[in-house]
Amino acid sequence: MKKRKIMASLLVCALLTGIMFALSACGKPNQIGSQQIENPIEISISIKYPEKAKKPDIEAVGFKVEKNSTVMLALQLYCSVHDIPLMIDTTSNTVQGINNIENGVLIKDRAWKYRLNGRLSNAAVAEKKLHDGDELQWIYAKK
């Protein structure tokens, strides 16, 4: 009889702890990893790898970033969340490699560039701001 009461008490405690844990996660602002997003916008991001890389492309994945995020910040956040290696030249604020594919290494005259809403952009990745609904595509293209 005493064992039954102890087991029942433990079960009730475990259930209450589980319910409290579940409720404490409700109603929080959007979060990606440990970074809290207070003013999210939804973009889509894709990465088109060169054939030689033998890696599957990442096709237009919906992704939330903070309002006024740059192209660079969005790529850094996406790669961080999905454990994709990313090489950035901090001196020039340029992307030097994505997923172990470096500029000019796999194919001599190619580098990572981006298209925004279908248009190839020459704007600096650390300055170009994103807007809700933007489509960001990374390609390994001619320099």
# chains A, B, ... in the order shown; residues from 1 in each chain; ligands from 1

call {"tool": "residues_around", "arguments": {"residues": "Asn99 in chain A", "least_positions_apart": "4", "cutoff": "12 Å", "atoms": "only C-alpha atoms", "output": "PyMOL selection string"}}
result
chain A and resi 47-50+53-58+75-76+78-80+82-88+95+103+106+112+138+140

call {"tool": "atom_distance", "arguments": {"atom1": "CA of Val81 in chain A", "atom2": "CA of Ser69 in chain A"}}
result
15.8 Å

call {"tool": "closest_residue", "arguments": {"among": "A:Thr94, A:Leu136, A:Lys143, A:Leu77", "to": "Asp109 in chain A", "atoms": "only C-alpha atoms"}}
result
A:Lys143

call {"tool": "atom_distance", "arguments": {"atom1": "CA of Ala111 in chain A", "atom2": "CA of Glu127 in chain A"}}
result
18.8 Å

call {"tool": "closest_residue", "arguments": {"among": "A:His131, A:Ala126, A:Met72, A:Gly97", "to": "Arg110 in chain A", "atoms": "only C-alpha atoms"}}
result
A:Gly97

call {"tool": "atom_distance", "arguments": {"atom1": "CA of Asn117 in chain A", "atom2": "CA of Ile139 in chain A"}}
result
13.2 Å

call {"tool": "residues_around", "arguments": {"residues": "Pro40 in chain A", "least_positions_apart": "6", "cutoff": "8 Å", "atoms": "only C-alpha atoms", "output": "list in words"}}
result
Asn30, Lys64, Val65, Glu66 and Lys67 of chain A

call {"tool": "write_last_selection", "arguments": {"atoms": "C-alpha atoms", "output": "mmCIF file, in the first residue's frame"}}
result
data_model
loop_
_atom_site.group_PDB
_atom_site.id
_atom_site.type_symbol
_atom_site.label_atom_id
_atom_site.label_comp_id
_atom_site.auth_asym_id
_atom_site.auth_seq_id
_atom_site.Cartn_x
_atom_site.Cartn_y
_atom_site.Cartn_z
ATOM 1 C CA ASN A 30 10.181 33.429 -32.449
ATOM 2 C CA LYS A 64 12.785 33.684 -40.559
ATOM 3 C CA VAL A 65 15.262 36.469 -39.928
ATOM 4 C CA GLU A 66 15.131 39.733 -38.034
ATOM 5 C CA LYS A 67 13.654 42.700 -39.939
#

call {"tool": "select_by_dssp", "arguments": {"residues": "range 44-105 of chain A", "states": "strand (DSSP E or B)", "output": "list in words"}}
result
Ser44, Ile45, Ser46, Ile47, Lys48, Ile58, Glu59, Ala60, Val61, Gly62, Phe63, Lys64, Val65, Glu66, Thr70, Leu86, Met87, Ile88, Asp89, Thr94, Val95, Gln96, Gly97, Ile98, Ile101 and Glu102 of chain A

call {"tool": "write_last_selection", "arguments": {"atoms": "N, CA and C atoms", "output": "PDB file, in the first residue's frame"}}
result
ATOM      1  N   SER A  44      12.950  33.212 -48.300  1.00  0.00           N
ATOM      2  CA  SER A  44      13.317  31.854 -48.690  1.00  0.00           C
ATOM      3  C   SER A  44      14.791  31.899 -49.060  1.00  0.00           C
ATOM      4  N   ILE A  45      15.486  30.837 -48.746  1.00  0.00           N
ATOM      5  CA  ILE A  45      16.906  30.764 -49.024  1.00  0.00           C
ATOM      6  C   ILE A  45      17.198  29.458 -49.739  1.00  0.00           C
ATOM      7  N   SER A  46      18.065  29.513 -50.735  1.00  0.00           N
ATOM      8  CA  SER A  46      18.469  28.304 -51.443  1.00  0.00           C
ATOM      9  C   SER A  46      19.955  28.405 -51.757  1.00  0.00           C
ATOM     10  N   ILE A  47      20.574  27.238 -51.904  1.00  0.00           N
ATOM     11  CA  ILE A  47      21.988  27.165 -52.255  1.00  0.00           C
ATOM     12  C   ILE A  47      22.109  26.175 -53.407  1.00  0.00           C
ATOM     13  N   LYS A  48      22.618  26.661 -54.528  1.00  0.00           N
ATOM     14  CA  LYS A  48      22.806  25.805 -55.703  1.00  0.00           C
ATOM     15  C   LYS A  48      24.292  25.484 -55.811  1.00  0.00           C
ATOM     16  N   ILE A  58      20.093  23.016 -51.910  1.00  0.00           N
ATOM     17  CA  ILE A  58      19.088  23.382 -50.907  1.00  0.00           C
ATOM     18  C   ILE A  58      18.072  24.230 -51.655  1.00  0.00           C
ATOM     19  N   GLU A  59      16.864  23.733 -51.732  1.00  0.00           N
ATOM     20  CA  GLU A  59      15.821  24.348 -52.562  1.00  0.00           C
ATOM     21  C   GLU A  59      14.890  25.242 -51.763  1.00  0.00           C
ATOM     22  N   ALA A  60      14.905  26.518 -51.999  1.00  0.00           N
ATOM     23  CA  ALA A  60      13.958  27.514 -51.481  1.00  0.00           C
ATOM     24  C   ALA A  60      13.288  27.130 -50.166  1.00  0.00           C
ATOM     25  N   VAL A  61      14.048  27.170 -49.109  1.00  0.00           N
ATOM     26  CA  VAL A  61      13.556  26.847 -47.770  1.00  0.00           C
ATOM     27  C   VAL A  61      13.068  28.130 -47.105  1.00  0.00           C
ATOM     28  N   GLY A  62      11.848  28.094 -46.555  1.00  0.00           N
ATOM     29  CA  GLY A  62      11.348  29.239 -45.802  1.00  0.00           C
ATOM     30  C   GLY A  62      12.178  29.412 -44.538  1.00  0.00           C
ATOM     31  N   PHE A  63      12.523  30.656 -44.232  1.00  0.00           N
ATOM     32  CA  PHE A  63      13.415  30.922 -43.106  1.00  0.00           C
ATOM     33  C   PHE A  63      13.090  32.292 -42.534  1.00  0.00           C
ATOM     34  N   LYS A  64      13.079  32.401 -41.197  1.00  0.00           N
ATOM     35  CA  LYS A  64      12.785  33.684 -40.559  1.00  0.00           C
ATOM     36  C   LYS A  64      14.076  34.353 -40.110  1.00  0.00           C
ATOM     37  N   VAL A  65      14.146  35.648 -40.383  1.00  0.00           N
ATOM     38  CA  VAL A  65      15.262  36.469 -39.928  1.00  0.00           C
ATOM     39  C   VAL A  65      14.689  37.752 -39.332  1.00  0.00           C
ATOM     40  N   GLU A  66      15.528  38.459 -38.621  1.00  0.00           N
ATOM     41  CA  GLU A  66      15.131  39.733 -38.034  1.00  0.00           C
ATOM     42  C   GLU A  66      14.910  40.764 -39.144  1.00  0.00           C
ATOM     43  N   THR A  70      20.738  41.696 -43.126  1.00  0.00           N
ATOM     44  CA  THR A  70      21.450  41.754 -44.398  1.00  0.00           C
ATOM     45  C   THR A  70      21.526  40.359 -45.009  1.00  0.00           C
ATOM     46  N   LEU A  86      30.797  27.694 -43.168  1.00  0.00           N
ATOM     47  CA  LEU A  86      30.765  28.948 -43.910  1.00  0.00           C
ATOM     48  C   LEU A  86      32.080  29.683 -43.678  1.00  0.00           C
ATOM     49  N   MET A  87      32.714  30.118 -44.772  1.00  0.00           N
ATOM     50  CA  MET A  87      33.961  30.880 -44.683  1.00  0.00           C
ATOM     51  C   MET A  87      33.692  32.318 -45.118  1.00  0.00           C
ATOM     52  N   ILE A  88      34.006  33.258 -44.229  1.00  0.00           N
ATOM     53  CA  ILE A  88      33.804  34.677 -44.492  1.00  0.00           C
ATOM     54  C   ILE A  88      35.151  35.379 -44.393  1.00  0.00           C
ATOM     55  N   ASP A  89      35.438  36.246 -45.354  1.00  0.00           N
ATOM     56  CA  ASP A  89      36.604  37.115 -45.255  1.00  0.00           C
ATOM     57  C   ASP A  89      36.127  38.357 -44.511  1.00  0.00           C
ATOM     58  N   THR A  94      33.190  39.338 -47.462  1.00  0.00           N
ATOM     59  CA  THR A  94      32.745  38.535 -48.601  1.00  0.00           C
ATOM     60  C   THR A  94      32.675  37.062 -48.204  1.00  0.00           C
ATOM     61  N   VAL A  95      31.820  36.348 -48.890  1.00  0.00           N
ATOM     62  CA  VAL A  95      31.692  34.912 -48.684  1.00  0.00           C
ATOM     63  C   VAL A  95      32.805  34.231 -49.473  1.00  0.00           C
ATOM     64  N   GLN A  96      33.636  33.469 -48.790  1.00  0.00           N
ATOM     65  CA  GLN A  96      34.766  32.780 -49.421  1.00  0.00           C
ATOM     66  C   GLN A  96      34.482  31.301 -49.650  1.00  0.00           C
ATOM     67  N   GLY A  97      33.521  30.747 -48.914  1.00  0.00           N
ATOM     68  CA  GLY A  97      33.197  29.338 -49.088  1.00  0.00           C
ATOM     69  C   GLY A  97      31.916  28.966 -48.369  1.00  0.00           C
ATOM     70  N   ILE A  98      31.169  28.067 -48.989  1.00  0.00           N
ATOM     71  CA  ILE A  98      29.947  27.525 -48.385  1.00  0.00           C
ATOM     72  C   ILE A  98      30.053  26.013 -48.447  1.00  0.00           C
ATOM     73  N   ILE A 101      33.104  24.427 -50.036  1.00  0.00           N
ATOM     74  CA  ILE A 101      33.352  24.734 -51.443  1.00  0.00           C
ATOM     75  C   ILE A 101      33.820  26.188 -51.485  1.00  0.00           C
ATOM     76  N   GLU A 102      35.125  26.357 -51.694  1.00  0.00           N
ATOM     77  CA  GLU A 102      35.717  27.685 -51.648  1.00  0.00           C
ATOM     78  C   GLU A 102      35.751  28.334 -53.029  1.00  0.00           C
TER      79      GLU A 102
END

call {"tool": "closest_residue", "arguments": {"among": "A:Lys108, A:Glu42, A:Val71, A:Asn100", "to": "Val125 in chain A", "atoms": "only C-alpha atoms"}}
result
A:Val71
